[in-house]
Amino acid sequence: MTPQFEPAQLEDAEALLSLQRSAYASEAALYPGMVIPPIADDLAEMRAAIARGVVYKLVEQRALLGSVRAELKNRHWEIGPLVVWPELQRRGLGRRLMAEAEALAPAGLTIKLFTGRLSENNLTFYRQLGYRESGRQTLTPQLNLIWLSKVV
């Protein structure tokens with residue numbers, strides 16, 4: 001059976017937040033003592049994002065495999081966080097979620113996303129998908145983000 005990509009529902013909020021925290025645990029370990037943005041999300045924020053219609057999930061036989069957020073922000077399409085259960089990573093699910101999120105973008109818009117400066121696996125993944133560095137942002141002296149973008 002092929003996993004289905006569909007909008008998240010409010011009743012998915014707790015499961016999606018649990019998934020996000022599990023998936024980003026290894027990323028958070030790169031930044032000791034820091035709370036990275038996907039880990040900082042709480043249930044109210046997840047519910048608000050779902051209510052805005054910007055959270056999508058990948059499910060197979062009702063099992064949650066991954067999720068992604070995608071929305072119009074400041075005249076660009078922003079994707080993230082991209083989330084796949086750790087035990088299911090490196091099986092093409094992240095690529096599928098990215099392709100689906102990119103397909104939702106209005107034509108001609110720049111797609112933007114960010115990841116941590118120390119997140120080499122993420123940087124490699126996004127570069128393989130055609131993203132190029134478009135800026136840097138310092139959140140704290142220890143936590144710097146790299147913004148990547150591409151036009152579809």
# chains A, B, ... in the order shown; residues from 1 in each chain; ligands from 1
call {"tool": "residues_around", "arguments": {"residues": "A:Ala28", "least_positions_apart": "2", "cutoff": "12 Å", "atoms": "only C-alpha atoms", "output": "JSON, numbers by chain"}}
result
{"A": [20, 21, 22, 23, 24, 25, 26, 30, 31, 32, 33, 34, 35, 36, 37, 38, 39, 40, 115, 116, 118, 119, 143]}
call {"tool": "residues_around", "arguments": {"residues": "A:Glu71", "least_positions_apart": "2", "cutoff": "12 Å", "atoms": "only C-alpha atoms", "output": "number ranges by chain"}}
result
A: 49-50, 52-56, 68-69, 73-81, 101-106, 109-113
call {"tool": "write_last_selection", "arguments": {"atoms": "C-alpha atoms", "output": "PDB file, in the first residue's frame"}}
result
ATOM      1  CA  ALA A  49      -0.769  25.332  12.730  1.00  0.00           C
ATOM      2  CA  ILE A  50      -3.240  22.531  11.985  1.00  0.00           C
ATOM      3  CA  ARG A  52      -4.364  27.281   9.727  1.00  0.00           C
ATOM      4  CA  GLY A  53      -4.279  24.296   7.345  1.00  0.00           C
ATOM      5  CA  VAL A  54      -0.496  24.222   6.967  1.00  0.00           C
ATOM      6  CA  VAL A  55       0.327  20.820   8.516  1.00  0.00           C
ATOM      7  CA  TYR A  56       0.271  17.722   6.341  1.00  0.00           C
ATOM      8  CA  VAL A  68       5.576  18.566   7.003  1.00  0.00           C
ATOM      9  CA  ARG A  69       4.394  22.144   7.262  1.00  0.00           C
ATOM     10  CA  LYS A  73       4.893  33.598   4.254  1.00  0.00           C
ATOM     11  CA  ASN A  74       6.028  37.040   3.098  1.00  0.00           C
ATOM     12  CA  ARG A  75       5.562  36.226  -0.602  1.00  0.00           C
ATOM     13  CA  HIS A  76       7.488  32.959  -0.468  1.00  0.00           C
ATOM     14  CA  TRP A  77       6.543  29.336   0.243  1.00  0.00           C
ATOM     15  CA  GLU A  78       8.080  28.151   3.507  1.00  0.00           C
ATOM     16  CA  ILE A  79       8.517  24.466   4.241  1.00  0.00           C
ATOM     17  CA  GLY A  80       9.323  23.056   7.651  1.00  0.00           C
ATOM     18  CA  PRO A  81       9.660  21.355   9.874  1.00  0.00           C
ATOM     19  CA  ALA A 101       4.960  20.192  -0.026  1.00  0.00           C
ATOM     20  CA  GLU A 102       6.729  21.705  -3.037  1.00  0.00           C
ATOM     21  CA  ALA A 103       3.799  20.737  -5.282  1.00  0.00           C
ATOM     22  CA  LEU A 104       1.493  22.827  -3.070  1.00  0.00           C
ATOM     23  CA  ALA A 105       3.548  25.980  -3.717  1.00  0.00           C
ATOM     24  CA  PRO A 106       1.983  28.600  -5.969  1.00  0.00           C
ATOM     25  CA  LEU A 109       7.326  31.456  -5.837  1.00  0.00           C
ATOM     26  CA  THR A 110      10.624  30.894  -4.097  1.00  0.00           C
ATOM     27  CA  ILE A 111      10.528  28.017  -1.637  1.00  0.00           C
ATOM     28  CA  LYS A 112      12.463  28.601   1.577  1.00  0.00           C
ATOM     29  CA  LEU A 113      13.409  26.447   4.533  1.00  0.00           C
TER      30      LEU A 113
END
call {"tool": "residues_around", "arguments": {"residues": "A:Ala15", "least_positions_apart": "6", "cutoff": "12 Å", "atoms": "only C-alpha atoms", "output": "list of chain:residue names"}}
result
A:Ala8, A:Gln9, A:Arg21, A:Ser22, A:Asp42, A:Leu43, A:Met46, A:Arg47, A:Lys57, A:Val59, A:Arg62, A:Ala63, A:Leu64, A:Leu65, A:Gly66, A:Ser67, A:Val83, A:Trp85
call {"tool": "write_last_selection", "arguments": {"atoms": "N, CA and C atoms", "output": "JSON list (two decimals), in the first residue's frame"}}
result
[["chain", "number", "residue", "atom", "x", "y", "z"],
["A", 8, "ALA", "N", -3.41, 17.41, 7.99],
["A", 8, "ALA", "CA", -3.56, 16.94, 9.38],
["A", 8, "ALA", "C", -4.87, 17.47, 9.94],
["A", 9, "GLN", "N", -5.40, 16.76, 10.91],
["A", 9, "GLN", "CA", -6.63, 17.14, 11.59],
["A", 9, "GLN", "C", -6.28, 17.48, 13.05],
["A", 21, "ARG", "N", 9.02, 15.81, 18.09],
["A", 21, "ARG", "CA", 10.04, 15.80, 19.15],
["A", 21, "ARG", "C", 10.97, 14.59, 19.01],
["A", 22, "SER", "N", 10.42, 13.44, 18.66],
["A", 22, "SER", "CA", 11.26, 12.24, 18.47],
["A", 22, "SER", "C", 12.21, 12.42, 17.29],
["A", 42, "ASP", "N", 4.83, 23.67, 21.15],
["A", 42, "ASP", "CA", 3.99, 23.02, 22.14],
["A", 42, "ASP", "C", 2.66, 22.62, 21.49],
["A", 43, "LEU", "N", 1.80, 22.01, 22.26],
["A", 43, "LEU", "CA", 0.54, 21.50, 21.73],
["A", 43, "LEU", "C", -0.34, 22.63, 21.18],
["A", 46, "MET", "N", 1.00, 23.56, 17.80],
["A", 46, "MET", "CA", 0.69, 22.52, 16.81],
["A", 46, "MET", "C", -0.78, 22.63, 16.39],
["A", 47, "ARG", "N", -1.65, 22.78, 17.36],
["A", 47, "ARG", "CA", -3.08, 22.91, 17.04],
["A", 47, "ARG", "C", -3.34, 24.15, 16.18],
["A", 57, "LYS", "N", 0.29, 15.36, 6.73],
["A", 57, "LYS", "CA", 0.84, 14.12, 7.28],
["A", 57, "LYS", "C", 0.93, 13.07, 6.20],
["A", 59, "VAL", "N", 0.52, 9.05, 5.95],
["A", 59, "VAL", "CA", -0.02, 7.92, 6.71],
["A", 59, "VAL", "C", -0.12, 6.69, 5.81],
["A", 62, "ARG", "N", -3.52, 4.09, 8.42],
["A", 62, "ARG", "CA", -3.79, 4.91, 9.61],
["A", 62, "ARG", "C", -2.58, 5.11, 10.52],
["A", 63, "ALA", "N", -1.42, 4.57, 10.14],
["A", 63, "ALA", "CA", -0.20, 4.79, 10.93],
["A", 63, "ALA", "C", 0.50, 6.05, 10.44],
["A", 64, "LEU", "N", 0.84, 6.94, 11.36],
["A", 64, "LEU", "CA", 1.54, 8.18, 11.05],
["A", 64, "LEU", "C", 3.01, 7.88, 10.75],
["A", 65, "LEU", "N", 3.47, 8.26, 9.56],
["A", 65, "LEU", "CA", 4.85, 8.02, 9.16],
["A", 65, "LEU", "C", 5.71, 9.28, 9.23],
["A", 66, "GLY", "N", 5.08, 10.41, 8.92],
["A", 66, "GLY", "CA", 5.82, 11.66, 8.89],
["A", 66, "GLY", "C", 4.88, 12.83, 8.70],
["A", 67, "SER", "N", 5.47, 14.03, 8.73],
["A", 67, "SER", "CA", 4.66, 15.23, 8.51],
["A", 67, "SER", "C", 5.55, 16.35, 7.99],
["A", 83, "VAL", "N", 9.36, 16.14, 9.05],
["A", 83, "VAL", "CA", 9.48, 15.19, 10.16],
["A", 83, "VAL", "C", 9.18, 13.76, 9.69],
["A", 85, "TRP", "N", 9.54, 9.66, 11.42],
["A", 85, "TRP", "CA", 9.96, 8.87, 12.59],
["A", 85, "TRP", "C", 11.40, 8.42, 12.40]]
call {"tool": "atom_distance", "arguments": {"atom1": "atom CA of A:Leu17", "atom2": "atom CA of A:Ala70"}}
result
16.0 Å
call {"tool": "decode", "arguments": {"residues": "stretch 25-75 of chain A", "atoms": "N, CA and C atoms", "output": "short mmCIF file (atom, residue, chain, number, x, y, z; two decimals), in the first residue's frame"}}
result
data_model
loop_
_atom_site.label_atom_id
_atom_site.label_comp_id
_atom_site.auth_asym_id
_atom_site.auth_seq_id
_atom_site.Cartn_x
_atom_site.Cartn_y
_atom_site.Cartn_z
N ALA A 25 15.14 14.88 18.05
CA ALA A 25 16.01 14.63 19.20
C ALA A 25 17.48 14.58 18.79
N SER A 26 17.78 13.92 17.68
CA SER A 26 19.18 13.83 17.24
C SER A 26 19.70 15.20 16.80
N GLU A 27 18.84 15.99 16.20
CA GLU A 27 19.21 17.35 15.81
C GLU A 27 19.48 18.20 17.05
N ALA A 28 18.63 18.09 18.04
CA ALA A 28 18.79 18.86 19.28
C ALA A 28 20.11 18.51 19.97
N ALA A 29 20.55 17.26 19.83
CA ALA A 29 21.81 16.83 20.45
C ALA A 29 23.02 17.56 19.87
N LEU A 30 22.88 18.10 18.66
CA LEU A 30 23.98 18.87 18.05
C LEU A 30 24.18 20.23 18.71
N TYR A 31 23.17 20.65 19.47
CA TYR A 31 23.16 21.98 20.08
C TYR A 31 22.91 21.85 21.58
N PRO A 32 23.86 21.30 22.34
CA PRO A 32 23.65 21.08 23.78
C PRO A 32 23.23 22.36 24.51
N GLY A 33 22.24 22.21 25.36
CA GLY A 33 21.77 23.33 26.15
C GLY A 33 20.87 24.29 25.42
N MET A 34 20.63 24.05 24.15
CA MET A 34 19.78 24.94 23.34
C MET A 34 18.44 24.25 23.08
N VAL A 35 17.40 25.04 22.93
CA VAL A 35 16.10 24.52 22.53
C VAL A 35 15.87 24.96 21.10
N ILE A 36 15.98 24.01 20.17
CA ILE A 36 15.82 24.35 18.76
C ILE A 36 14.34 24.54 18.43
N PRO A 37 14.03 25.31 17.38
CA PRO A 37 12.63 25.62 17.08
C PRO A 37 11.66 24.43 17.05
N PRO A 38 11.95 23.31 16.36
CA PRO A 38 10.96 22.23 16.35
C PRO A 38 10.71 21.58 17.72
N ILE A 39 11.70 21.63 18.59
CA ILE A 39 11.54 21.08 19.94
C ILE A 39 10.75 22.06 20.81
N ALA A 40 10.86 23.34 20.51
CA ALA A 40 10.18 24.37 21.30
C ALA A 40 8.67 24.40 21.08
N ASP A 41 8.20 23.86 19.95
CA ASP A 41 6.75 23.85 19.70
C ASP A 41 6.01 23.16 20.84
N ASP A 42 4.83 23.67 21.15
CA ASP A 42 3.99 23.02 22.14
C ASP A 42 2.66 22.62 21.49
N LEU A 43 1.80 22.01 22.26
CA LEU A 43 0.54 21.50 21.73
C LEU A 43 -0.34 22.63 21.18
N ALA A 44 -0.36 23.75 21.85
CA ALA A 44 -1.16 24.89 21.37
C ALA A 44 -0.65 25.37 20.01
N GLU A 45 0.66 25.44 19.85
CA GLU A 45 1.23 25.86 18.57
C GLU A 45 0.92 24.85 17.47
N MET A 46 1.00 23.56 17.80
CA MET A 46 0.69 22.52 16.81
C MET A 46 -0.78 22.63 16.39
N ARG A 47 -1.65 22.78 17.36
CA ARG A 47 -3.08 22.91 17.04
C ARG A 47 -3.34 24.15 16.18
N ALA A 48 -2.67 25.24 16.49
CA ALA A 48 -2.85 26.47 15.71
C ALA A 48 -2.39 26.28 14.27
N ALA A 49 -1.27 25.60 14.08
CA ALA A 49 -0.77 25.33 12.73
C ALA A 49 -1.73 24.43 11.96
N ILE A 50 -2.26 23.42 12.63
CA ILE A 50 -3.24 22.53 11.99
C ILE A 50 -4.49 23.33 11.61
N ALA A 51 -4.94 24.18 12.51
CA ALA A 51 -6.14 24.99 12.25
C ALA A 51 -5.92 25.94 11.06
N ARG A 52 -4.68 26.41 10.87
CA ARG A 52 -4.36 27.28 9.73
C ARG A 52 -4.31 26.48 8.42
N GLY A 53 -4.31 25.14 8.53
CA GLY A 53 -4.28 24.30 7.35
C GLY A 53 -2.92 24.17 6.71
N VAL A 54 -1.85 24.26 7.52
CA VAL A 54 -0.50 24.22 6.97
C VAL A 54 0.29 22.97 7.36
N VAL A 55 -0.35 22.04 8.09
CA VAL A 55 0.33 20.82 8.52
C VAL A 55 -0.25 19.65 7.71
N TYR A 56 0.66 18.87 7.14
CA TYR A 56 0.27 17.72 6.34
C TYR A 56 0.94 16.50 6.93
N LYS A 57 0.29 15.36 6.73
CA LYS A 57 0.84 14.12 7.28
C LYS A 57 0.93 13.07 6.20
N LEU A 58 1.80 12.12 6.43
CA LEU A 58 1.96 10.96 5.56
C LEU A 58 1.54 9.76 6.39
N VAL A 59 0.52 9.05 5.95
CA VAL A 59 -0.02 7.92 6.71
C VAL A 59 -0.12 6.69 5.81
N GLU A 60 0.00 5.55 6.45
CA GLU A 60 -0.19 4.28 5.77
C GLU A 60 -1.00 3.39 6.70
N GLN A 61 -2.15 2.98 6.23
CA GLN A 61 -3.07 2.17 7.04
C GLN A 61 -3.26 2.81 8.41
N ARG A 62 -3.52 4.09 8.42
CA ARG A 62 -3.79 4.91 9.61
C ARG A 62 -2.58 5.11 10.52
N ALA A 63 -1.42 4.57 10.14
CA ALA A 63 -0.20 4.79 10.93
C ALA A 63 0.50 6.05 10.44
N LEU A 64 0.84 6.94 11.36
CA LEU A 64 1.54 8.18 11.05
C LEU A 64 3.01 7.88 10.75
N LEU A 65 3.47 8.26 9.56
CA LEU A 65 4.85 8.02 9.16
C LEU A 65 5.71 9.28 9.23
N GLY A 66 5.08 10.41 8.92
CA GLY A 66 5.82 11.66 8.89
C GLY A 66 4.88 12.83 8.70
N SER A 67 5.47 14.03 8.73
CA SER A 67 4.66 15.23 8.51
C SER A 67 5.55 16.35 7.99
N VAL A 68 4.88 17.38 7.50
CA VAL A 68 5.58 18.57 7.00
C VAL A 68 4.61 19.74 7.10
N ARG A 69 5.18 20.91 7.31
CA ARG A 69 4.39 22.14 7.26
C ARG A 69 4.80 22.89 6.00
N ALA A 70 3.82 23.53 5.38
CA ALA A 70 4.09 24.32 4.18
C ALA A 70 3.07 25.44 4.12
N GLU A 71 3.57 26.68 3.98
CA GLU A 71 2.63 27.80 3.96
C GLU A 71 3.25 29.03 3.29
N LEU A 72 2.37 29.89 2.83
CA LEU A 72 2.77 31.15 2.24
C LEU A 72 3.16 32.12 3.35
N LYS A 73 4.40 32.63 3.27
CA LYS A 73 4.89 33.60 4.25
C LYS A 73 5.69 34.66 3.53
N ASN A 74 5.27 35.92 3.68
CA ASN A 74 6.03 37.04 3.10
C ASN A 74 6.38 36.83 1.62
N ARG A 75 5.42 36.42 0.85
CA ARG A 75 5.56 36.23 -0.60
C ARG A 75 6.55 35.13 -0.99
#
